[in-house]
Amino acid sequence: MHPSPVPPWQTERGASTLKVLVILAILVGIGYAAAYAYGSLQVGQVETSLSRRIYEAGQLTPTETIIDEAVVRRRLVVIAREEGAAVAPEDITVVIEPLNATNFEKLPMQARVAIGAVSKMKNWEADAAFLNIRLTMRAKWGPVKRESVLERATWVPRSALR
C-alpha cells in the first residue's frame, strides 16, 4: 500500500469544510426562497386590498359631495398609501361618462341589476353615470417588487358630477 501524500486529518477537514459550505449555501437559498414566497404573498394581499377599495374613490362623502377626476385621483393615491402601495397621480386614468348600453355591460352585476330595476320603474330615471378607473400600482416587500395594473368599473350619481 502506498502512503497518501496528504495526511488523513487534512483530507477530512477539507471535506467537512466543503460540507459546511454546501449546507450553508442550501440554507441561504431556502431562506431567500422563503422570504420571496412570503413577500409575494404580502404584495398579493396589497394588490387585492387595493383592488377591493378602488370603488371608494368614486363614492360621495359628507365632506365631498362633488365627484370629478381630480377628487378620484387624490383619493386613490391616499387609498394606495394606506394599503402599502405606491400610485402616482399620472398613473391613474379616470373616465366619467354618461351611462350607455356599452359601458353598462362593464358594470358589476349588482350595479347592473340595481340600475336596471330603477330604469324599469315608471316615472323614475336612474341617477347614474359610468366611472372607470385604471391605475398602475407598485408594491414591494423584501426581495419582491411588483407593478400591477388594476381596473374597476363602477358608477357614480350623475347629480354629484361637476
# chains A, B, ... in the order shown; residues from 1 in each chain; ligands from 1
$ residues_around --residues "Arg138 of chain A" --least-positions-apart "2" --cutoff "7 Å" --atoms "only C-alpha atoms" --output "list in words"
Ala85, Ala86, Val87, Thr136, Lys140, Arg146, Glu147 and Ser148 of chain A
$ select_by_dssp --residues "chain A" --states "alpha helix (DSSP H)" --output "ChimeraX atom specification"
/A:8-53,69-83,101-104,109-120
$ residues_around --residues "Leu50 of chain A" --least-positions-apart "4" --cutoff "7 Å" --atoms "only C-alpha atoms" --output "ChimeraX atom specification"
/A:46,54,80,83
$ write_last_selection --atoms "C-alpha atoms" --output "PDB file, in the first residue's frame"
ATOM      1  CA  VAL A  46     -51.724  44.626  -1.010  1.00  0.00           C
ATOM      2  CA  ILE A  54     -60.866  51.261  -5.764  1.00  0.00           C
ATOM      3  CA  ALA A  80     -52.946  53.140  -2.162  1.00  0.00           C
ATOM      4  CA  GLU A  83     -52.794  49.759   1.682  1.00  0.00           C
TER       5      GLU A  83
END
$ residues_around --residues "segment 22-38 of chain A" --least-positions-apart "5" --cutoff "7 Å" --atoms "only C-alpha atoms" --output "PyMOL selection string"
chain A and resi 142-144
$ write_last_selection --atoms "all heavy atoms" --output "PDB file, in the first residue's frame"
ATOM      1  N   GLY A 142     -39.622  43.055   0.931  1.00  0.00           N
ATOM      2  CA  GLY A 142     -38.390  42.272   0.883  1.00  0.00           C
ATOM      3  C   GLY A 142     -37.842  42.210  -0.533  1.00  0.00           C
ATOM      4  O   GLY A 142     -37.719  43.240  -1.195  1.00  0.00           O
ATOM      5  N   PRO A 143     -37.568  41.015  -1.027  1.00  0.00           N
ATOM      6  CA  PRO A 143     -36.988  40.895  -2.366  1.00  0.00           C
ATOM      7  C   PRO A 143     -38.021  40.999  -3.499  1.00  0.00           C
ATOM      8  O   PRO A 143     -37.653  40.996  -4.661  1.00  0.00           O
ATOM      9  CB  PRO A 143     -36.354  39.502  -2.355  1.00  0.00           C
ATOM     10  CG  PRO A 143     -37.187  38.724  -1.390  1.00  0.00           C
ATOM     11  CD  PRO A 143     -37.605  39.724  -0.331  1.00  0.00           C
ATOM     12  N   VAL A 144     -39.300  41.145  -3.156  1.00  0.00           N
ATOM     13  CA  VAL A 144     -40.351  41.139  -4.178  1.00  0.00           C
ATOM     14  C   VAL A 144     -40.776  42.564  -4.509  1.00  0.00           C
ATOM     15  O   VAL A 144     -41.132  43.336  -3.622  1.00  0.00           O
ATOM     16  CB  VAL A 144     -41.585  40.331  -3.704  1.00  0.00           C
ATOM     17  CG1 VAL A 144     -42.677  40.351  -4.741  1.00  0.00           C
ATOM     18  CG2 VAL A 144     -41.189  38.910  -3.371  1.00  0.00           C
TER      19      VAL A 144
END
$ closest_residue --among "A:Val43, A:Leu21, A:Val118, A:Ile96" --to "Ile133 of chain A" --atoms "only C-alpha atoms"
A:Ile96
$ atom_distance --atom1 "atom CA of Arg152 of chain A" --atom2 "atom CA of Ser51 of chain A"
7.7 Å
$ decode --residues "segment 76-122 of chain A" --atoms "C-alpha atoms" --output "PDB file, in the first residue's frame"
ATOM      1  CA  LEU A  76     -56.751  56.764  -4.987  1.00  0.00           C
ATOM      2  CA  VAL A  77     -53.274  57.999  -4.059  1.00  0.00           C
ATOM      3  CA  VAL A  78     -54.322  58.118  -0.383  1.00  0.00           C
ATOM      4  CA  ILE A  79     -56.016  54.692  -0.509  1.00  0.00           C
ATOM      5  CA  ALA A  80     -52.946  53.140  -2.162  1.00  0.00           C
ATOM      6  CA  ARG A  81     -50.677  54.590   0.520  1.00  0.00           C
ATOM      7  CA  GLU A  82     -52.968  53.219   3.246  1.00  0.00           C
ATOM      8  CA  GLU A  83     -52.794  49.759   1.682  1.00  0.00           C
ATOM      9  CA  GLY A  84     -48.997  49.805   1.335  1.00  0.00           C
ATOM     10  CA  ALA A  85     -48.697  50.501  -2.387  1.00  0.00           C
ATOM     11  CA  ALA A  86     -47.433  53.461  -4.379  1.00  0.00           C
ATOM     12  CA  VAL A  87     -49.558  55.096  -7.051  1.00  0.00           C
ATOM     13  CA  ALA A  88     -48.579  58.275  -8.844  1.00  0.00           C
ATOM     14  CA  PRO A  89     -51.397  60.591  -9.980  1.00  0.00           C
ATOM     15  CA  GLU A  90     -50.142  60.382 -13.582  1.00  0.00           C
ATOM     16  CA  ASP A  91     -50.556  56.577 -13.449  1.00  0.00           C
ATOM     17  CA  ILE A  92     -54.301  56.899 -12.897  1.00  0.00           C
ATOM     18  CA  THR A  93     -56.821  57.073 -15.720  1.00  0.00           C
ATOM     19  CA  VAL A  94     -60.329  58.163 -14.782  1.00  0.00           C
ATOM     20  CA  VAL A  95     -63.207  58.054 -17.243  1.00  0.00           C
ATOM     21  CA  ILE A  96     -66.533  59.552 -16.213  1.00  0.00           C
ATOM     22  CA  GLU A  97     -69.212  59.464 -18.885  1.00  0.00           C
ATOM     23  CA  PRO A  98     -72.959  59.101 -19.283  1.00  0.00           C
ATOM     24  CA  LEU A  99     -74.269  55.607 -18.799  1.00  0.00           C
ATOM     25  CA  ASN A 100     -74.999  53.888 -22.128  1.00  0.00           C
ATOM     26  CA  ALA A 101     -75.520  50.328 -23.312  1.00  0.00           C
ATOM     27  CA  THR A 102     -71.809  49.743 -23.978  1.00  0.00           C
ATOM     28  CA  ASN A 103     -70.434  50.813 -20.619  1.00  0.00           C
ATOM     29  CA  PHE A 104     -73.486  49.480 -18.741  1.00  0.00           C
ATOM     30  CA  GLU A 105     -72.227  45.968 -19.564  1.00  0.00           C
ATOM     31  CA  LYS A 106     -68.865  46.761 -17.901  1.00  0.00           C
ATOM     32  CA  LEU A 107     -70.508  47.415 -14.536  1.00  0.00           C
ATOM     33  CA  PRO A 108     -70.508  44.715 -11.851  1.00  0.00           C
ATOM     34  CA  MET A 109     -73.599  42.505 -11.811  1.00  0.00           C
ATOM     35  CA  GLN A 110     -75.027  44.084  -8.626  1.00  0.00           C
ATOM     36  CA  ALA A 111     -74.904  47.570 -10.118  1.00  0.00           C
ATOM     37  CA  ARG A 112     -76.456  46.411 -13.406  1.00  0.00           C
ATOM     38  CA  VAL A 113     -79.334  44.740 -11.573  1.00  0.00           C
ATOM     39  CA  ALA A 114     -79.991  47.775  -9.353  1.00  0.00           C
ATOM     40  CA  ILE A 115     -79.763  50.334 -12.163  1.00  0.00           C
ATOM     41  CA  GLY A 116     -81.828  48.100 -14.446  1.00  0.00           C
ATOM     42  CA  ALA A 117     -84.542  47.763 -11.808  1.00  0.00           C
ATOM     43  CA  VAL A 118     -84.747  51.536 -11.265  1.00  0.00           C
ATOM     44  CA  SER A 119     -84.803  52.157 -15.020  1.00  0.00           C
ATOM     45  CA  LYS A 120     -87.855  49.892 -15.402  1.00  0.00           C
ATOM     46  CA  MET A 121     -89.896  51.795 -12.815  1.00  0.00           C
ATOM     47  CA  LYS A 122     -92.486  54.243 -14.078  1.00  0.00           C
TER      48      LYS A 122
END
